$ cat entry_38.cif   # mmCIF, C-alpha atoms
data_entry
loop_
_atom_site.label_atom_id
_atom_site.label_comp_id
_atom_site.auth_asym_id
_atom_site.auth_seq_id
_atom_site.Cartn_x
_atom_site.Cartn_y
_atom_site.Cartn_z
CA MET A 387 -99.75 14.26 57.67
CA HIS A 388 -97.88 13.51 60.95
CA ARG A 389 -100.65 11.16 62.04
CA THR A 390 -100.42 9.31 58.72
CA ARG A 391 -96.63 8.88 59.13
CA ARG A 392 -97.06 7.59 62.71
CA ARG A 393 -99.66 5.06 61.54
CA ARG A 394 -97.30 3.83 58.78
CA ARG A 395 -94.44 3.46 61.26
CA LEU A 396 -96.70 1.56 63.67
CA LYS A 397 -97.83 -0.81 60.90
CA LEU A 398 -94.21 -1.38 59.87
CA VAL A 399 -93.13 -2.18 63.45
CA VAL A 400 -96.07 -4.56 63.96
CA GLY A 401 -95.28 -6.29 60.66
CA LEU A 402 -91.62 -6.77 61.63
CA VAL A 403 -92.60 -8.18 65.03
CA LEU A 404 -95.01 -10.66 63.44
CA LEU A 405 -92.37 -11.68 60.89
CA LEU A 406 -89.77 -12.30 63.62
CA MET A 407 -92.27 -14.36 65.62
CA ALA A 408 -93.05 -16.50 62.56
CA LEU A 409 -89.37 -17.09 61.79
CA THR A 410 -88.65 -18.07 65.39
CA ALA A 411 -91.35 -20.74 65.22
CA LEU A 412 -89.80 -22.42 62.18
CA PRO A 413 -87.35 -25.38 62.51
CA ALA A 414 -83.66 -24.63 61.97
CA SER A 415 -83.55 -26.43 58.63
CA ALA A 416 -86.38 -24.26 57.29
CA ARG A 417 -84.81 -21.00 58.57
CA SER A 418 -81.51 -21.77 56.87
CA GLY A 419 -83.05 -22.32 53.50
CA PRO A 420 -82.20 -24.98 50.91
CA GLY A 421 -78.56 -25.52 50.08
CA LEU A 422 -77.14 -23.49 53.00
CA PRO A 423 -74.48 -25.17 55.17
CA GLN A 424 -75.56 -26.59 58.51
CA PRO A 425 -73.42 -26.89 61.66
CA SER A 426 -71.46 -30.15 61.70
CA PRO A 427 -72.35 -32.56 64.50
CA THR A 428 -69.55 -33.83 66.70
CA TYR A 429 -67.78 -36.81 65.01
CA ASP A 430 -66.28 -39.63 67.06
CA PRO A 431 -63.04 -40.62 65.26
CA HIS A 432 -63.13 -44.05 66.94
CA PRO A 433 -66.73 -45.30 66.64
CA ASP A 434 -67.83 -48.61 68.07
CA PRO A 435 -66.98 -51.09 65.29
CA LEU A 436 -69.93 -53.30 66.26
CA ALA A 437 -72.57 -50.61 66.26
CA GLY A 438 -75.03 -49.64 63.62
CA LEU A 439 -74.86 -52.41 61.02
CA THR A 440 -78.07 -53.37 59.29
CA LEU A 441 -78.37 -56.20 56.80
CA PRO A 442 -80.58 -55.03 53.94
CA ASP A 443 -82.11 -57.32 51.38
CA LEU A 444 -79.49 -57.22 48.64
CA ALA A 445 -81.94 -58.19 45.94
CA THR A 446 -83.88 -54.94 46.38
CA ILE A 447 -80.95 -52.52 46.36
CA PRO A 448 -79.85 -50.86 43.13
CA GLY A 449 -76.13 -50.80 42.28
CA SER A 450 -73.86 -47.89 43.04
CA VAL A 451 -70.19 -46.97 42.83
CA LEU A 452 -67.79 -48.28 45.50
CA GLY A 453 -64.47 -47.54 43.85
CA ASP A 454 -62.55 -48.25 40.70
CA LEU A 455 -59.05 -48.60 39.35
CA ALA A 456 -57.66 -46.53 36.54
CA PRO A 457 -55.98 -48.38 33.63
CA ASP A 458 -52.62 -48.07 35.41
CA GLY A 459 -54.00 -49.95 38.40
CA ARG A 460 -54.54 -46.97 40.69
CA ALA A 461 -57.84 -46.23 42.37
CA THR A 462 -59.90 -43.23 41.34
CA GLY A 463 -61.60 -40.91 43.78
CA PRO A 464 -60.70 -40.10 47.40
CA ALA A 465 -59.17 -42.72 49.66
CA TRP A 466 -62.36 -43.20 51.66
CA VAL A 467 -65.61 -41.59 52.66
CA PRO A 468 -66.12 -41.55 56.46
CA GLU A 469 -69.05 -43.09 58.22
CA ALA A 470 -71.89 -40.82 59.17
CA PRO A 471 -71.30 -38.76 62.37
CA ALA A 472 -72.36 -40.21 65.66
CA ALA A 473 -75.92 -39.62 66.79
CA ALA A 474 -76.83 -38.79 70.37
CA GLY A 475 -75.74 -41.74 72.47
CA GLY A 476 -72.49 -42.39 70.58
CA ALA A 477 -73.49 -45.02 68.01
CA PRO A 478 -72.57 -44.04 64.43
CA ARG A 479 -75.50 -43.39 62.15
CA VAL A 480 -75.75 -45.80 59.25
CA PRO A 481 -76.94 -44.36 55.94
CA ALA A 482 -80.11 -45.83 54.54
CA ALA A 483 -79.45 -48.66 52.08
CA VAL A 484 -80.35 -46.79 48.97
CA GLY A 485 -78.64 -46.52 45.63
CA GLY A 486 -76.52 -43.61 44.52
CA PRO A 487 -72.79 -43.01 44.49
CA SER A 488 -72.69 -41.50 47.99
CA SER A 489 -74.18 -44.58 49.72
CA GLU A 490 -70.89 -46.54 49.76
CA PRO A 491 -67.33 -45.62 50.73
CA LEU A 492 -64.72 -45.47 48.01
CA LEU A 493 -61.99 -48.04 48.52
CA PRO A 494 -58.50 -46.93 49.47
CA ALA A 495 -56.16 -46.45 46.53
CA LEU A 496 -53.87 -49.32 45.62
CA SER A 497 -50.37 -47.92 45.55
CA ASP A 498 -48.70 -49.22 42.39
CA PRO A 499 -50.09 -52.77 42.66
CA ARG A 500 -48.71 -55.69 40.71
CA MET A 501 -51.73 -56.85 38.74
CA PHE A 502 -52.56 -60.20 37.18
CA ARG A 503 -55.33 -61.07 34.77
CA GLY A 504 -55.93 -64.69 33.88
CA ARG A 505 -56.44 -68.13 35.44
CA ALA A 506 -55.14 -69.25 38.81
CA PHE A 507 -55.32 -72.36 40.94
CA ASP A 508 -54.98 -72.90 44.66
CA THR A 509 -54.17 -76.13 46.47
CA CYS A 510 -53.94 -77.03 50.14
CA VAL A 511 -50.18 -77.75 50.32
CA ALA A 512 -47.70 -75.73 48.25
CA PRO A 513 -46.42 -78.08 45.48
CA SER A 514 -42.74 -78.71 44.89
CA LEU A 515 -40.83 -76.35 42.61
CA ASP A 516 -40.46 -79.22 40.13
CA THR A 517 -44.26 -79.64 40.02
CA MET A 518 -44.67 -75.90 39.56
CA ARG A 519 -42.19 -76.03 36.67
CA ARG A 520 -44.14 -78.87 35.02
CA TRP A 521 -47.44 -77.04 35.49
CA ARG A 522 -46.20 -74.13 33.40
CA SER A 523 -47.69 -76.08 30.49
CA SER A 524 -51.19 -75.49 31.97
CA LYS A 525 -53.54 -72.58 31.36
CA TYR A 526 -52.77 -71.18 34.83
CA GLY A 527 -50.49 -68.25 35.47
CA ALA A 528 -50.98 -67.67 39.21
CA VAL A 529 -51.14 -69.85 42.32
CA GLY A 530 -52.90 -69.34 45.63
CA VAL A 531 -50.82 -70.35 48.67
CA TYR A 532 -52.04 -70.82 52.25
CA TYR A 533 -49.09 -69.15 53.92
CA GLY A 534 -50.48 -68.51 57.45
CA GLY A 535 -53.36 -68.54 59.93
CA ARG A 536 -54.50 -70.89 62.67
CA GLY A 537 -57.52 -72.05 60.66
CA ARG A 538 -55.61 -73.58 57.75
CA ALA A 539 -56.69 -77.07 56.72
CA CYS A 540 -53.04 -77.81 55.87
CA PRO A 541 -50.92 -75.99 58.48
CA HIS A 542 -47.86 -78.11 57.69
CA GLN A 543 -46.21 -76.55 54.63
CA PRO A 544 -42.78 -78.19 54.29
CA ARG A 545 -41.84 -76.35 51.07
CA LEU A 546 -43.41 -72.95 51.60
CA GLY A 547 -40.76 -70.37 52.42
CA HIS A 548 -38.73 -67.54 50.94
CA ARG A 549 -36.81 -69.90 48.65
CA TRP A 550 -40.04 -71.38 47.28
CA MET A 551 -41.54 -67.92 46.68
CA LYS A 552 -38.49 -66.74 44.76
CA GLY A 553 -38.41 -70.02 42.84
CA VAL A 554 -41.99 -69.82 41.59
CA GLN A 555 -41.47 -66.18 40.67
CA ARG A 556 -38.45 -67.09 38.56
CA LEU A 557 -40.60 -69.72 36.84
CA GLY A 558 -43.03 -66.98 35.84
CA TRP A 559 -45.79 -67.64 38.37
CA ARG A 560 -47.75 -64.94 40.20
CA VAL A 561 -48.71 -65.58 43.85
CA LEU A 562 -52.00 -64.99 45.72
CA PRO A 563 -51.18 -65.18 49.47
CA VAL A 564 -54.06 -66.59 51.58
CA TYR A 565 -54.31 -66.26 55.37
CA VAL A 566 -56.85 -68.56 57.08
CA GLY A 567 -57.32 -67.05 60.51
CA SER A 568 -60.16 -67.23 63.03
CA GLN A 569 -63.56 -68.04 61.62
CA SER A 570 -67.03 -66.61 62.11
CA PRO A 571 -68.92 -67.71 65.26
CA CYS A 572 -71.65 -69.05 62.95
CA VAL A 573 -69.30 -70.79 60.50
CA VAL A 574 -71.04 -73.62 58.65
CA ALA A 575 -68.19 -76.14 58.26
CA GLY A 576 -67.83 -78.35 61.32
CA SER A 577 -64.06 -78.57 60.84
CA LYS A 578 -63.76 -74.78 61.32
CA LYS A 579 -65.78 -74.45 64.54
CA ALA A 580 -62.65 -74.95 66.65
CA TYR A 581 -61.26 -71.69 65.22
CA ARG A 582 -64.18 -69.37 65.92
CA ILE A 583 -63.63 -65.69 66.78
CA GLY A 584 -63.47 -65.00 70.53
CA GLY A 585 -64.99 -62.35 72.76
CA ASN A 586 -63.14 -59.24 71.57
CA ALA A 587 -63.48 -59.50 67.81
CA TRP A 588 -61.91 -56.17 66.88
CA SER A 589 -58.76 -56.72 68.95
CA GLN A 590 -58.47 -60.28 67.71
CA GLY A 591 -58.71 -59.08 64.12
CA VAL A 592 -55.94 -56.54 64.77
CA ARG A 593 -53.70 -59.20 66.35
CA GLU A 594 -54.23 -61.63 63.49
CA GLY A 595 -53.71 -58.88 60.95
CA ARG A 596 -50.35 -58.21 62.59
CA ASP A 597 -49.56 -61.94 62.42
CA ALA A 598 -50.58 -62.07 58.75
CA VAL A 599 -48.09 -59.29 57.94
CA ARG A 600 -45.30 -60.87 60.01
CA ARG A 601 -45.69 -64.24 58.30
CA ALA A 602 -45.90 -62.61 54.88
CA ARG A 603 -42.62 -60.81 55.45
CA ALA A 604 -41.01 -64.06 56.64
CA VAL A 605 -41.63 -65.73 53.27
CA GLY A 606 -40.51 -62.72 51.23
CA ILE A 607 -43.85 -61.03 50.47
CA ARG A 608 -43.18 -57.30 50.25
CA PRO A 609 -45.38 -54.36 51.30
CA GLY A 610 -47.76 -53.35 48.52
CA SER A 611 -48.81 -57.00 48.16
CA PRO A 612 -52.35 -58.27 48.78
CA LEU A 613 -53.04 -60.58 51.72
CA TYR A 614 -56.32 -62.48 51.33
CA LEU A 615 -58.26 -63.30 54.51
CA ASP A 616 -60.10 -66.63 54.13
CA MET A 617 -63.46 -66.59 55.94
CA GLU A 618 -65.37 -69.78 55.21
CA ALA A 619 -69.15 -69.71 54.69
CA TYR A 620 -71.18 -68.50 57.69
CA LYS A 621 -74.78 -67.57 58.49
CA TYR A 622 -74.33 -63.85 58.07
CA ARG A 623 -78.03 -63.00 58.54
CA GLN A 624 -77.68 -63.88 62.22
CA LYS A 625 -77.18 -60.31 63.42
CA LYS A 626 -75.01 -60.93 66.47
CA CYS A 627 -72.75 -63.25 64.51
CA ALA A 628 -72.60 -60.80 61.62
CA ARG A 629 -71.54 -57.94 63.92
CA THR A 630 -68.79 -60.03 65.50
CA THR A 631 -67.50 -61.25 62.15
CA LEU A 632 -67.53 -57.78 60.62
CA ALA A 633 -65.63 -56.33 63.58
CA PHE A 634 -62.93 -59.00 63.17
CA VAL A 635 -62.63 -58.42 59.42
CA ARG A 636 -62.46 -54.64 59.80
CA GLY A 637 -59.82 -54.88 62.53
CA TRP A 638 -57.77 -57.25 60.36
CA ASP A 639 -58.15 -55.00 57.32
CA ARG A 640 -57.12 -51.88 59.20
CA GLN A 641 -53.99 -53.49 60.63
CA VAL A 642 -52.93 -55.02 57.30
CA ARG A 643 -53.48 -51.69 55.54
CA ARG A 644 -51.53 -49.77 58.20
CA LYS A 645 -48.58 -52.10 57.64
CA GLY A 646 -48.51 -51.25 53.94
CA TYR A 647 -50.28 -54.32 52.53
CA VAL A 648 -53.57 -54.62 50.62
CA PRO A 649 -56.35 -56.44 52.53
CA GLY A 650 -58.31 -58.92 50.44
CA PHE A 651 -61.21 -61.13 51.45
CA TYR A 652 -62.20 -64.64 50.36
CA SER A 653 -65.58 -66.21 51.13
CA SER A 654 -68.68 -67.76 49.62
CA ALA A 655 -70.52 -65.35 47.32
CA ASP A 656 -73.83 -65.93 49.14
CA SER A 657 -72.27 -65.66 52.59
CA GLY A 658 -69.24 -63.56 53.48
CA VAL A 659 -69.21 -61.66 50.21
CA ALA A 660 -72.89 -60.79 50.52
CA HIS A 661 -72.12 -59.63 54.06
CA MET A 662 -69.29 -57.35 52.92
CA ARG A 663 -71.56 -55.95 50.22
CA ALA A 664 -74.22 -55.17 52.86
CA ALA A 665 -71.58 -53.50 55.04
CA ALA A 666 -70.51 -51.35 52.10
CA ARG A 667 -74.13 -50.35 51.52
CA ALA A 668 -74.35 -49.36 55.18
CA GLY A 669 -71.41 -46.99 54.74
CA MET A 670 -68.83 -48.97 56.70
CA ARG A 671 -65.12 -48.31 56.19
CA ASP A 672 -62.09 -50.56 56.84
CA LEU A 673 -63.52 -53.02 54.32
CA PRO A 674 -61.44 -55.30 52.07
CA SER A 675 -59.89 -53.73 48.98
CA VAL A 676 -60.21 -56.90 46.87
CA ILE A 677 -62.93 -59.57 46.87
CA TRP A 678 -62.33 -63.26 46.11
CA PHE A 679 -65.75 -64.85 45.80
CA ALA A 680 -66.54 -68.55 45.62
CA ARG A 681 -69.41 -69.60 43.39
CA TRP A 682 -68.89 -73.10 42.09
CA HIS A 683 -70.59 -75.00 39.28
CA THR A 684 -70.87 -71.94 37.08
CA ARG A 685 -68.95 -70.35 34.24
CA PRO A 686 -65.92 -68.28 35.29
CA ARG A 687 -66.87 -64.61 35.19
CA LEU A 688 -65.96 -61.52 37.13
CA ALA A 689 -68.35 -58.79 36.08
CA ARG A 690 -71.68 -60.64 36.32
CA GLU A 691 -71.67 -61.95 39.88
CA PRO A 692 -75.22 -61.29 41.22
CA VAL A 693 -74.13 -60.39 44.77
CA LEU A 694 -71.68 -57.79 43.42
CA GLN A 695 -74.12 -56.27 40.95
CA GLY A 696 -73.49 -52.61 40.34
CA SER A 697 -69.85 -51.61 40.48
CA ALA A 698 -68.69 -52.55 43.98
CA TRP A 699 -65.24 -54.08 43.83
CA THR A 700 -64.84 -53.75 40.08
CA SER A 701 -63.40 -56.52 37.94
CA ARG A 702 -59.90 -55.19 38.65
CA ARG A 703 -60.53 -56.01 42.31
CA ARG A 704 -62.12 -59.43 41.87
CA ILE A 705 -61.29 -63.12 41.85
CA HIS A 706 -63.90 -65.76 41.02
CA GLN A 707 -63.36 -69.27 42.38
CA TYR A 708 -65.62 -71.19 40.03
CA ALA A 709 -64.73 -74.83 40.80
CA GLY A 710 -63.27 -76.68 43.76
CA ASN A 711 -61.67 -79.98 44.73
CA VAL A 712 -61.04 -81.05 41.15
CA LYS A 713 -58.12 -83.15 39.88
CA GLU A 714 -55.92 -81.88 37.09
CA ARG A 715 -52.77 -83.33 35.56
CA HIS A 716 -50.09 -81.33 33.76
CA GLY A 717 -46.53 -82.27 32.92
CA GLY A 718 -47.03 -85.70 34.45
CA ARG A 719 -48.08 -84.34 37.88
CA THR A 720 -51.60 -84.49 39.35
CA LEU A 721 -52.95 -82.01 41.90
CA VAL A 722 -56.31 -81.50 43.61
CA ILE A 723 -57.08 -77.82 43.08
CA ASP A 724 -59.63 -75.04 43.10
CA ARG A 725 -59.98 -73.06 39.85
CA ASN A 726 -60.08 -69.27 39.75
CA LEU A 727 -60.46 -66.42 37.29
CA VAL A 728 -58.44 -63.39 38.39
CA HIS A 729 -58.19 -59.69 37.72
CA ALA A 730 -56.58 -58.49 40.92
CA PRO A 731 -53.32 -57.60 42.68
CA VAL A 732 -50.72 -60.33 43.30
CA ALA A 733 -47.73 -60.55 45.63
CA ARG A 734 -44.47 -58.71 45.23
CA ILE A 735 -41.68 -61.13 46.13
CA ARG A 736 -38.29 -59.79 47.22
#
$ encode --input "entry_38.cif" --output "structure tokens"
Amino acid sequence: MHRTRRRRRLKLVVGLVLLLMALTALPASARSGPGLPQPSPTYDPHPDPLAGLTLPDLATIPGSVLGDLAPDGRATGPAWVPEAPAAAGGAPRVPAAVGGPSSEPLLPALSDPRMFRGRAFDTCVAPSLDTMRRWRSSKYGAVGVYYGGRGRACPHQPRLGHRWMKGVQRLGWRVLPVYVGSQSPCVVAGSKKAYRIGGNAWSQGVREGRDAVRRARAVGIRPGSPLYLDMEAYKYRQKKCARTTLAFVRGWDRQVRRKGYVPGFYSSADSGVAHMRAAARAGMRDLPSVIWFARWHTRPRLAREPVLQGSAWTSRRRIHQYAGNVKERHGGRTLVIDRNLVHAPVARIR
């Protein structure tokens, strides 16, 4: 009987040793078992803003959720989802460009925005208050104004100031403030090449974001208002150029947001807007909260833009510029304008 017990104990010990050896040989993920928490890698709170961006083929990527606004104009979901933790070597990992709600960051909440839904026009030089009064007979209810930025086609704005802003507000107009700063290194328009982004794109974006806020305050645009960065069409599939441009935009967005304003972004649908969409797919943060996309010679529509398919930047965060450089006459005054359909935040004027 004692021999039998010793044999059983020996078998039990041998079995335990073999089991331990087998477990030791398994990878950590297999030992932990499905669904068990894993140790968190070290996260760099200040990742290189130029690192890690890939430009997937947008046509092959299914839609997913980027963020939405509740009926009262506030965003749903958390303020943002951070980028993936840094891999060995310091560069942040970029999630694979696959569909699913977790593949894009949610946009920061808009704090009590002043919303507008309807038609808007923008024109190079701010019209006189008398012209704006006469144009109240038109179908437009909002106006885009080029209030700042070194890249403006019309830097001389003799009427644009605090008095003008308060005047158009009293007339019932809503205002879309546009800042035309430095342009992409691979900008298409020859007239914009003199304003290309320099060597330190992130810092330049921060500086120009600070300037955008300062100039907005000078003309009476209060915090909580959107400021729309105008980035003319560029060759965003050139990777070096895309990285530089994205770093500038993100730096500008972060600074504008820190100062209490809402960063918006204007560009061609098939250029800058496609680029921002790709950046969202790659899990980037510090992206624009509102998208103003230019696609001319088409019907005005917000929800069916091909580049923004899915639910990125929902219709309550979108402006469609559907025609440009057209003449219109209202109340006896003619202007050359761009036409827009809007469902987005507008300026608060003090």
$ resolve_selection --input "entry_38.cif" --expression "the PyMOL selection byres ((chain A and resi 661) around 10)" --output "ChimeraX atom specification"
/A:441-442,444,620-623,628,631-632,653-660,662-667,693
$ write_last_selection --input "entry_38.cif" --atoms "C-alpha atoms" --output "PDB file, in the frame of the given file"
ATOM      1  CA  LEU A 441     -78.370 -56.200  56.800  1.00  0.00           C
ATOM      2  CA  PRO A 442     -80.580 -55.030  53.940  1.00  0.00           C
ATOM      3  CA  LEU A 444     -79.490 -57.220  48.640  1.00  0.00           C
ATOM      4  CA  TYR A 620     -71.180 -68.500  57.690  1.00  0.00           C
ATOM      5  CA  LYS A 621     -74.780 -67.570  58.490  1.00  0.00           C
ATOM      6  CA  TYR A 622     -74.330 -63.850  58.070  1.00  0.00           C
ATOM      7  CA  ARG A 623     -78.030 -63.000  58.540  1.00  0.00           C
ATOM      8  CA  ALA A 628     -72.600 -60.800  61.620  1.00  0.00           C
ATOM      9  CA  THR A 631     -67.500 -61.250  62.150  1.00  0.00           C
ATOM     10  CA  LEU A 632     -67.530 -57.780  60.620  1.00  0.00           C
ATOM     11  CA  SER A 653     -65.580 -66.210  51.130  1.00  0.00           C
ATOM     12  CA  SER A 654     -68.680 -67.760  49.620  1.00  0.00           C
ATOM     13  CA  ALA A 655     -70.520 -65.350  47.320  1.00  0.00           C
ATOM     14  CA  ASP A 656     -73.830 -65.930  49.140  1.00  0.00           C
ATOM     15  CA  SER A 657     -72.270 -65.660  52.590  1.00  0.00           C
ATOM     16  CA  GLY A 658     -69.240 -63.560  53.480  1.00  0.00           C
ATOM     17  CA  VAL A 659     -69.210 -61.660  50.210  1.00  0.00           C
ATOM     18  CA  ALA A 660     -72.890 -60.790  50.520  1.00  0.00           C
ATOM     19  CA  MET A 662     -69.290 -57.350  52.920  1.00  0.00           C
ATOM     20  CA  ARG A 663     -71.560 -55.950  50.220  1.00  0.00           C
ATOM     21  CA  ALA A 664     -74.220 -55.170  52.860  1.00  0.00           C
ATOM     22  CA  ALA A 665     -71.580 -53.500  55.040  1.00  0.00           C
ATOM     23  CA  ALA A 666     -70.510 -51.350  52.100  1.00  0.00           C
ATOM     24  CA  ARG A 667     -74.130 -50.350  51.520  1.00  0.00           C
ATOM     25  CA  VAL A 693     -74.130 -60.390  44.770  1.00  0.00           C
TER      26      VAL A 693
END
$ resolve_selection --input "entry_38.cif" --expression "the PyMOL selection byres ((chain A and resi 703) around 8)" --output "list in words"
Ser675, Val676, Ile677, Trp699, Thr700, Ser701, Arg702, Arg704, Ile705, His729, Ala730 and Pro731 of chain A
$ resolve_selection --input "entry_38.cif" --expression "the PyMOL selection byres ((chain A and resi 618) around 12)" --output "PyMOL selection string"
chain A and resi 537-539+565-579+581-582+615-617+619-622+631+651-659+678-680
$ closest_residue --input "entry_38.cif" --among "A:Pro513, A:Gly710, A:Gly591, A:Pro499" --to "Val648 in chain A" --atoms "only C-alpha atoms"
A:Pro499
$ closest_atom_pairs --input "entry_38.cif" --of "range 710-736 of chain A" --to "range 550-558 of chain A" --cutoff "12 Å" --atoms "only C-alpha atoms" --output "CSV"
residue,atom,partner,partner_atom,distance
A:Val732,CA,A:Gln555,CA,11.3
A:Ala733,CA,A:Met551,CA,9.7
A:Arg734,CA,A:Gln555,CA,9.3
A:Ile735,CA,A:Lys552,CA,6.6
A:Arg736,CA,A:Lys552,CA,7.4
$ closest_residue --input "entry_38.cif" --among "A:Gly595, A:Gly584, A:Pro563, A:Gly530" --to "Pro612 in chain A" --atoms "only C-alpha atoms"
A:Pro563
$ residues_around --input "entry_38.cif" --residues "Ser589 in chain A" --least-positions-apart "3" --cutoff "9 Å" --atoms "only C-alpha atoms" --output "ChimeraX atom specification"
/A:586,592-594,633-634,637-638
$ atom_distance --input "entry_38.cif" --atom1 "CA of Tyr532 in chain A" --atom2 "CA of Val564 in chain A"
4.7 Å
$ atom_distance --input "entry_38.cif" --atom1 "CA of Leu673 in chain A" --atom2 "CA of Tyr647 in chain A"
13.4 Å
$ closest_residue --input "entry_38.cif" --among "A:Ala528, A:Val605, A:Ile723, A:Leu562" --to "Gly650 in chain A" --atoms "all atoms listed in the file"
A:Leu562
$ atom_distance --input "entry_38.cif" --atom1 "CA of Gln590 in chain A" --atom2 "CA of Asp508 in chain A"
26.5 Å
$ closest_residue --input "entry_38.cif" --among "A:Met518, A:Ala689, A:Val599, A:Ala668" --to "Lys645 in chain A" --atoms "all atoms listed in the file"
A:Val599
$ closest_residue --input "entry_38.cif" --among "A:Ala709, A:Thr720, A:Trp682, A:Phe507" --to "Lys525 in chain A" --atoms "all atoms listed in the file"
A:Phe507
$ residues_around --input "entry_38.cif" --residues "Ser524 in chain A" --least-positions-apart "5" --cutoff "9 Å" --atoms "all atoms listed in the file" --output "number ranges by chain"
A: 715-717
$ build_atoms --input "entry_38.cif" --residues "range 565-583 of chain A" --atoms "N, CA and C atoms" --output "short mmCIF file (atom, residue, chain, number, x, y, z; two decimals), keeping the file's coordinate frame"
data_model
loop_
_atom_site.label_atom_id
_atom_site.label_comp_id
_atom_site.auth_asym_id
_atom_site.auth_seq_id
_atom_site.Cartn_x
_atom_site.Cartn_y
_atom_site.Cartn_z
N TYR A 565 -54.44 -66.11 53.91
CA TYR A 565 -54.31 -66.26 55.37
C TYR A 565 -55.64 -66.78 55.91
N VAL A 566 -55.62 -67.96 56.52
CA VAL A 566 -56.85 -68.56 57.08
C VAL A 566 -56.80 -68.42 58.59
N GLY A 567 -57.35 -67.32 59.08
CA GLY A 567 -57.32 -67.05 60.51
C GLY A 567 -58.57 -67.55 61.21
N SER A 568 -58.96 -66.86 62.28
CA SER A 568 -60.16 -67.23 63.03
C SER A 568 -61.39 -67.13 62.14
N GLN A 569 -62.37 -67.94 62.45
CA GLN A 569 -63.56 -68.04 61.62
C GLN A 569 -64.78 -67.47 62.34
N SER A 570 -65.81 -67.20 61.57
CA SER A 570 -67.03 -66.61 62.11
C SER A 570 -67.62 -67.49 63.21
N PRO A 571 -68.25 -66.90 64.23
CA PRO A 571 -68.92 -67.71 65.26
C PRO A 571 -70.02 -68.61 64.69
N CYS A 572 -70.60 -68.22 63.54
CA CYS A 572 -71.65 -69.05 62.95
C CYS A 572 -71.16 -69.73 61.67
N VAL A 573 -69.87 -70.10 61.66
CA VAL A 573 -69.30 -70.79 60.50
C VAL A 573 -70.06 -72.09 60.26
N VAL A 574 -70.24 -72.45 59.00
CA VAL A 574 -71.04 -73.62 58.65
C VAL A 574 -70.23 -74.90 58.77
N ALA A 575 -69.00 -74.91 58.28
CA ALA A 575 -68.19 -76.14 58.26
C ALA A 575 -67.83 -76.58 59.68
N GLY A 576 -68.13 -77.83 60.00
CA GLY A 576 -67.83 -78.35 61.32
C GLY A 576 -66.34 -78.33 61.64
N SER A 577 -65.51 -78.53 60.62
CA SER A 577 -64.06 -78.57 60.84
C SER A 577 -63.48 -77.21 61.22
N LYS A 578 -64.25 -76.13 61.02
CA LYS A 578 -63.76 -74.78 61.32
C LYS A 578 -64.29 -74.23 62.65
N LYS A 579 -65.17 -74.96 63.31
CA LYS A 579 -65.78 -74.45 64.54
C LYS A 579 -64.76 -74.30 65.67
N ALA A 580 -63.68 -75.06 65.61
CA ALA A 580 -62.65 -74.95 66.65
C ALA A 580 -61.87 -73.65 66.55
N TYR A 581 -62.05 -72.91 65.45
CA TYR A 581 -61.26 -71.69 65.22
C TYR A 581 -62.13 -70.44 65.24
N ARG A 582 -63.26 -70.50 65.94
CA ARG A 582 -64.18 -69.37 65.92
C ARG A 582 -63.61 -68.14 66.64
N ILE A 583 -64.06 -66.96 66.20
CA ILE A 583 -63.63 -65.69 66.78
C ILE A 583 -64.05 -65.64 68.25
#
